[in-house]
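Enquirer: The structure follows.
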Amino acid sequence: MKIKQQLIRDTKHKYGKSNKKKYITVHQTDNWDRGANAQVHANLQSRVNPRKASWHWQVDDIQAIQSFLHYFQLWHCSDGRGNGNLNSIGVELCLNRDGNYNKAVENGAELVAYIMKKENIQLSNVVQHNYWSGKNCPSQIRRGKNGISWSDFKKLVAKKLNKDIVEPTKTIEKLIAETLAGKYGNGAERRRLLGSNYNEVQREIDKMYNSKPIPKPTKTIDKLVEETLLGFHGNGAERKKSLGSNYQKVQQIINGKFERVDINKLVKETLAGKHGNGAQRKKSLGKYYNEVQNIINKKYSGKSIDTLVKETLEGKHGNGAERRKSLGTHYKEVQNIINKIYK
């Protein structure tokens, strides 16, 4: 089985980052749709899961994908601030009907054994979602689908514990390259994200630079200004965090260029029809036209109403006021179609 990481730096669907990793909680997705495999569920979490839920791992008949580091206290056990959410690692077994159910369960057992070894968790502390809240989950294992009961699953885990389990498939050289590119941050953040690989990666980097400060990725200020204007670094506190020590210089240039005009407000007004279209829009927005239009084009370029409907059903545009804001002038048309689908 392939094990890989598709890590998310943070989520609002958490209680904190102090998971004591005492338990492993096993779930099944109950999503039988074709293609609803581990990659799809990992992507769902990476896009900001529209459900009020989050979990550390998803596994199918081919691979296991980690979304969150184990110290996250995620919303997956329905027990509020109980031991399930606060001190257990959540594993979702996928049930897509175009996958091999028995192999997915076997891979789930292998993944649980891998986590047990990594975090020194006892087999007696491998539990069902049902253990915490009474929910019928993992539903198919609980009913013994294909002759595999919960007792059988734990026997599989015990069997896997005696085998060598393949670690995530990133070489030290790859981790070094990603660290130098800034992917793992610095200091405590780098130590946390690299985990057991930290010492080896840092030792090699120190050798390369003779313990001198590591140069940051070489983006020019002009490039950062361009990216910021295109929305890549967000706004407010998010922008300050993303730009780091370059924030003040970039922001000064932007402030001088646009005289503190609220571009997001202009985008919102434009999407609401206040500045018209074509020549009328260009005249109304004046020197801000290109920036506003670039943001709008980036957001909706080439997207049909059908695509926006599909994205909305997948949770990409959120709900309520968030959905209205995200879809802009397309909101009513998209929402009407969705209302008809679920009427």
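Residue numbering restarts at 1 in every chain; chains get A, B, ... in the order shown in the structure tokens, and ligands count up from 1 in that same order.
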As an NGL selection string, please: every residue in range 89-194 of chain A that a backbone DSSP assignment puts in strand (DSSP E or B).

Expert: :A and (89-93 or 126-128)

Enquirer: Can those selected residues be exported to a file as a short mmCIF file (atom, residue, chain, number, x, y, z; two decimals), in the first residue's frame so that it contains all heavy atoms?

Expert:
data_model
loop_
_atom_site.label_atom_id
_atom_site.label_comp_id
_atom_site.auth_asym_id
_atom_site.auth_seq_id
_atom_site.Cartn_x
_atom_site.Cartn_y
_atom_site.Cartn_z
N ILE A 89 -6.63 9.71 16.97
CA ILE A 89 -6.28 9.94 15.56
C ILE A 89 -7.37 9.30 14.71
O ILE A 89 -7.67 8.11 14.85
CB ILE A 89 -4.91 9.34 15.24
CG1 ILE A 89 -3.82 10.05 16.07
CG2 ILE A 89 -4.60 9.43 13.74
CD1 ILE A 89 -2.50 9.31 16.11
N GLY A 90 -7.99 10.08 13.82
CA GLY A 90 -9.12 9.61 13.03
C GLY A 90 -8.70 9.03 11.68
O GLY A 90 -7.97 9.65 10.93
N VAL A 91 -9.19 7.81 11.40
CA VAL A 91 -8.90 7.12 10.13
C VAL A 91 -10.22 6.80 9.44
O VAL A 91 -11.07 6.09 10.00
CB VAL A 91 -8.11 5.82 10.39
CG1 VAL A 91 -7.94 5.04 9.09
CG2 VAL A 91 -6.76 6.12 11.02
N GLU A 92 -10.41 7.32 8.23
CA GLU A 92 -11.62 7.05 7.44
C GLU A 92 -11.32 5.99 6.39
O GLU A 92 -10.43 6.17 5.55
CB GLU A 92 -12.10 8.32 6.75
CG GLU A 92 -12.79 9.33 7.65
CD GLU A 92 -14.25 8.99 7.90
OE1 GLU A 92 -14.73 7.96 7.39
OE2 GLU A 92 -14.91 9.78 8.61
N LEU A 93 -12.08 4.87 6.40
CA LEU A 93 -11.97 3.84 5.37
C LEU A 93 -13.00 4.14 4.29
O LEU A 93 -14.19 4.29 4.58
CB LEU A 93 -12.22 2.44 5.97
CG LEU A 93 -11.05 1.74 6.67
CD1 LEU A 93 -10.57 2.54 7.87
CD2 LEU A 93 -11.45 0.34 7.09
N VAL A 126 -7.34 0.90 19.96
CA VAL A 126 -7.89 1.06 18.61
C VAL A 126 -9.38 0.81 18.72
O VAL A 126 -9.82 -0.29 19.07
CB VAL A 126 -7.25 0.06 17.62
CG1 VAL A 126 -7.92 0.16 16.25
CG2 VAL A 126 -5.75 0.33 17.50
N VAL A 127 -10.19 1.84 18.48
CA VAL A 127 -11.62 1.77 18.77
C VAL A 127 -12.45 2.23 17.58
O VAL A 127 -11.95 2.85 16.65
CB VAL A 127 -11.98 2.62 20.01
CG1 VAL A 127 -11.24 2.12 21.24
CG2 VAL A 127 -11.67 4.09 19.77
N GLN A 128 -13.74 1.91 17.66
CA GLN A 128 -14.69 2.36 16.65
C GLN A 128 -15.19 3.76 16.99
O GLN A 128 -15.20 4.18 18.15
CB GLN A 128 -15.90 1.43 16.60
CG GLN A 128 -15.60 -0.03 16.41
CD GLN A 128 -16.85 -0.89 16.51
OE1 GLN A 128 -17.93 -0.46 16.15
NE2 GLN A 128 -16.69 -2.10 17.02
#

Enquirer: Applying 12 Å and only C-alpha atoms, which residues near Gln248 in chain A remain after dropping the ones on its own chain fewer than 4 positions away? List them as a list in words.

Expert: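 What passes the distance filter is Ile221, Leu224, Val225, Gly236, Arg239, Lys240, Lys241, Ser242, Leu243, Gly244, Gln252, Ile253, Ile254 and Asn255 of chain A.
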
Enquirer: Since we have the selection now, will you write its residues out, keeping all heavy atoms, as a tab-separated table (two decimals), in the first residue's frame?

Expert:
chain	number	residue	atom	x	y	z
A	221	ILE	N	10.53	41.80	-4.91
A	221	ILE	CA	9.43	42.57	-4.34
A	221	ILE	C	8.37	42.84	-5.40
A	221	ILE	O	7.16	42.74	-5.13
A	221	ILE	CB	9.94	43.90	-3.74
A	221	ILE	CG1	10.84	43.63	-2.53
A	221	ILE	CG2	8.78	44.80	-3.34
A	221	ILE	CD1	10.13	42.95	-1.37
A	224	LEU	N	6.25	39.82	-5.67
A	224	LEU	CA	5.36	39.70	-4.53
A	224	LEU	C	4.21	40.70	-4.61
A	224	LEU	O	3.07	40.39	-4.24
A	224	LEU	CB	6.14	39.88	-3.23
A	224	LEU	CG	7.12	38.77	-2.87
A	224	LEU	CD1	7.96	39.15	-1.66
A	224	LEU	CD2	6.39	37.46	-2.61
A	225	VAL	N	4.50	41.90	-5.09
A	225	VAL	CA	3.44	42.90	-5.28
A	225	VAL	C	2.42	42.39	-6.30
A	225	VAL	O	1.20	42.46	-6.08
A	225	VAL	CB	4.03	44.24	-5.75
A	225	VAL	CG1	2.92	45.19	-6.23
A	225	VAL	CG2	4.83	44.90	-4.64
A	236	GLY	N	-5.28	41.44	5.08
A	236	GLY	CA	-5.17	41.59	6.52
A	236	GLY	C	-4.10	40.70	7.14
A	236	GLY	O	-2.96	40.62	6.68
A	239	ARG	N	-2.42	38.14	4.86
A	239	ARG	CA	-1.39	38.71	3.99
A	239	ARG	C	-0.09	38.94	4.77
A	239	ARG	O	1.00	38.66	4.29
A	239	ARG	CB	-1.87	40.02	3.37
A	239	ARG	CG	-0.84	40.68	2.47
A	239	ARG	CD	-1.35	41.98	1.86
A	239	ARG	NE	-2.47	41.74	0.95
A	239	ARG	CZ	-3.10	42.71	0.28
A	239	ARG	NH1	-2.72	43.97	0.45
A	239	ARG	NH2	-4.10	42.43	-0.51
A	240	LYS	N	-0.23	39.47	5.98
A	240	LYS	CA	0.95	39.77	6.80
A	240	LYS	C	1.73	38.48	7.08
A	240	LYS	O	2.96	38.45	7.02
A	240	LYS	CB	0.49	40.42	8.11
A	240	LYS	CG	1.65	40.90	8.98
A	240	LYS	CD	1.15	41.71	10.18
A	240	LYS	CE	0.63	43.06	9.76
A	240	LYS	NZ	0.37	43.93	10.92
A	241	LYS	N	1.00	37.40	7.39
A	241	LYS	CA	1.64	36.13	7.68
A	241	LYS	C	2.30	35.55	6.43
A	241	LYS	O	3.42	35.03	6.48
A	241	LYS	CB	0.61	35.15	8.25
A	241	LYS	CG	1.19	33.80	8.62
A	241	LYS	CD	0.12	32.89	9.22
A	241	LYS	CE	0.69	31.53	9.58
A	241	LYS	NZ	-0.34	30.62	10.12
A	242	SER	N	1.59	35.64	5.30
A	242	SER	CA	2.09	35.05	4.05
A	242	SER	C	3.35	35.76	3.55
A	242	SER	O	4.29	35.13	3.09
A	242	SER	CB	0.99	35.10	2.98
A	242	SER	OG	1.46	34.58	1.76
A	243	LEU	N	3.39	37.10	3.65
A	243	LEU	CA	4.52	37.87	3.13
A	243	LEU	C	5.68	37.96	4.12
A	243	LEU	O	6.81	38.25	3.73
A	243	LEU	CB	4.06	39.28	2.75
A	243	LEU	CG	3.14	39.36	1.52
A	243	LEU	CD1	2.56	40.75	1.39
A	243	LEU	CD2	3.86	38.94	0.25
A	244	GLY	N	5.39	37.73	5.41
A	244	GLY	CA	6.46	37.75	6.41
A	244	GLY	C	7.19	39.07	6.45
A	244	GLY	O	6.59	40.15	6.47
A	252	GLN	N	3.52	48.99	1.29
A	252	GLN	CA	3.79	50.40	0.99
A	252	GLN	C	3.67	50.68	-0.50
A	252	GLN	O	3.11	51.70	-0.92
A	252	GLN	CB	5.19	50.77	1.48
A	252	GLN	CG	5.28	50.98	2.99
A	252	GLN	CD	6.70	51.16	3.47
A	252	GLN	OE1	7.64	51.14	2.67
A	252	GLN	NE2	6.87	51.32	4.78
A	253	ILE	N	4.19	49.75	-1.30
A	253	ILE	CA	4.10	49.92	-2.76
A	253	ILE	C	2.64	49.88	-3.21
A	253	ILE	O	2.19	50.71	-4.02
A	253	ILE	CB	4.92	48.84	-3.48
A	253	ILE	CG1	6.40	49.03	-3.19
A	253	ILE	CG2	4.66	48.87	-4.99
A	253	ILE	CD1	7.30	47.92	-3.71
A	254	ILE	N	1.89	48.92	-2.67
A	254	ILE	CA	0.49	48.80	-3.04
A	254	ILE	C	-0.30	50.02	-2.58
A	254	ILE	O	-1.14	50.55	-3.32
A	254	ILE	CB	-0.11	47.51	-2.45
A	254	ILE	CG1	0.50	46.29	-3.14
A	254	ILE	CG2	-1.63	47.49	-2.60
A	254	ILE	CD1	0.12	44.97	-2.54
A	255	ASN	N	-0.03	50.49	-1.36
A	255	ASN	CA	-0.74	51.66	-0.85
A	255	ASN	C	-0.46	52.89	-1.72
A	255	ASN	O	-1.36	53.66	-2.04
A	255	ASN	CB	-0.33	51.95	0.59
A	255	ASN	CG	-0.86	50.90	1.55
A	255	ASN	OD1	-1.76	50.15	1.21
A	255	ASN	ND2	-0.31	50.84	2.75

Enquirer: Considering only C-alpha atoms, give me a table of residues in range 257-309 of chain A that are at most 7 Å from range 321-343 of chain A, with the closest atom pair and distance in Å for each, as a tab-separated table.

Expert:
residue	atom	partner	partner_atom	distance
A:Leu271	CA	A:Gly328	CA	5.3
A:Ala272	CA	A:Thr329	CA	5.8
A:Ile305	CA	A:Val334	CA	6.6
A:Leu308	CA	A:Val334	CA	6.9
A:Val309	CA	A:Val334	CA	5.6

Enquirer: From a DSSP pass on the backbone, collect the residues of range 98-211 of chain A flagged as alpha helix (DSSP H) and hand them back as a PyMOL selection string.

Expert: chain A and resi 101-119+129-133+139-142+150-161+172-180+187-194+198-209

Enquirer: Counting only C-alpha atoms, what is within 9 Å of Ala64 in chain A, bar same-chain residues fewer than 4 positions away, as a list in words?

Expert: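 Here the answer would be Met1, Lys2, Ile3, Lys4, Gln5, Ala38, Gln39, Trp57, Gln58, Val59, Asp60, Asn107, Gly108 and Leu111 of chain A.
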
Enquirer: Produce a file of the selected residues containing C-alpha atoms, as a short mmCIF file (atom, residue, chain, number, x, y, z; two decimals), in the first residue's frame.

Expert:
data_model
loop_
_atom_site.label_atom_id
_atom_site.label_comp_id
_atom_site.auth_asym_id
_atom_site.auth_seq_id
_atom_site.Cartn_x
_atom_site.Cartn_y
_atom_site.Cartn_z
CA MET A 1 0.00 0.00 0.00
CA LYS A 2 1.22 3.49 -0.84
CA ILE A 3 1.24 5.99 2.03
CA LYS A 4 1.54 9.70 1.28
CA GLN A 5 0.93 13.11 2.79
CA ALA A 38 -9.04 8.42 -0.56
CA GLN A 39 -7.79 11.05 -3.00
CA TRP A 57 -6.26 9.99 7.40
CA GLN A 58 -8.29 8.47 4.58
CA VAL A 59 -7.51 5.08 3.05
CA ASP A 60 -8.89 3.05 0.14
CA ASN A 107 -5.20 -1.39 3.89
CA GLY A 108 -7.05 0.28 6.74
CA LEU A 111 -2.50 1.97 8.20
#
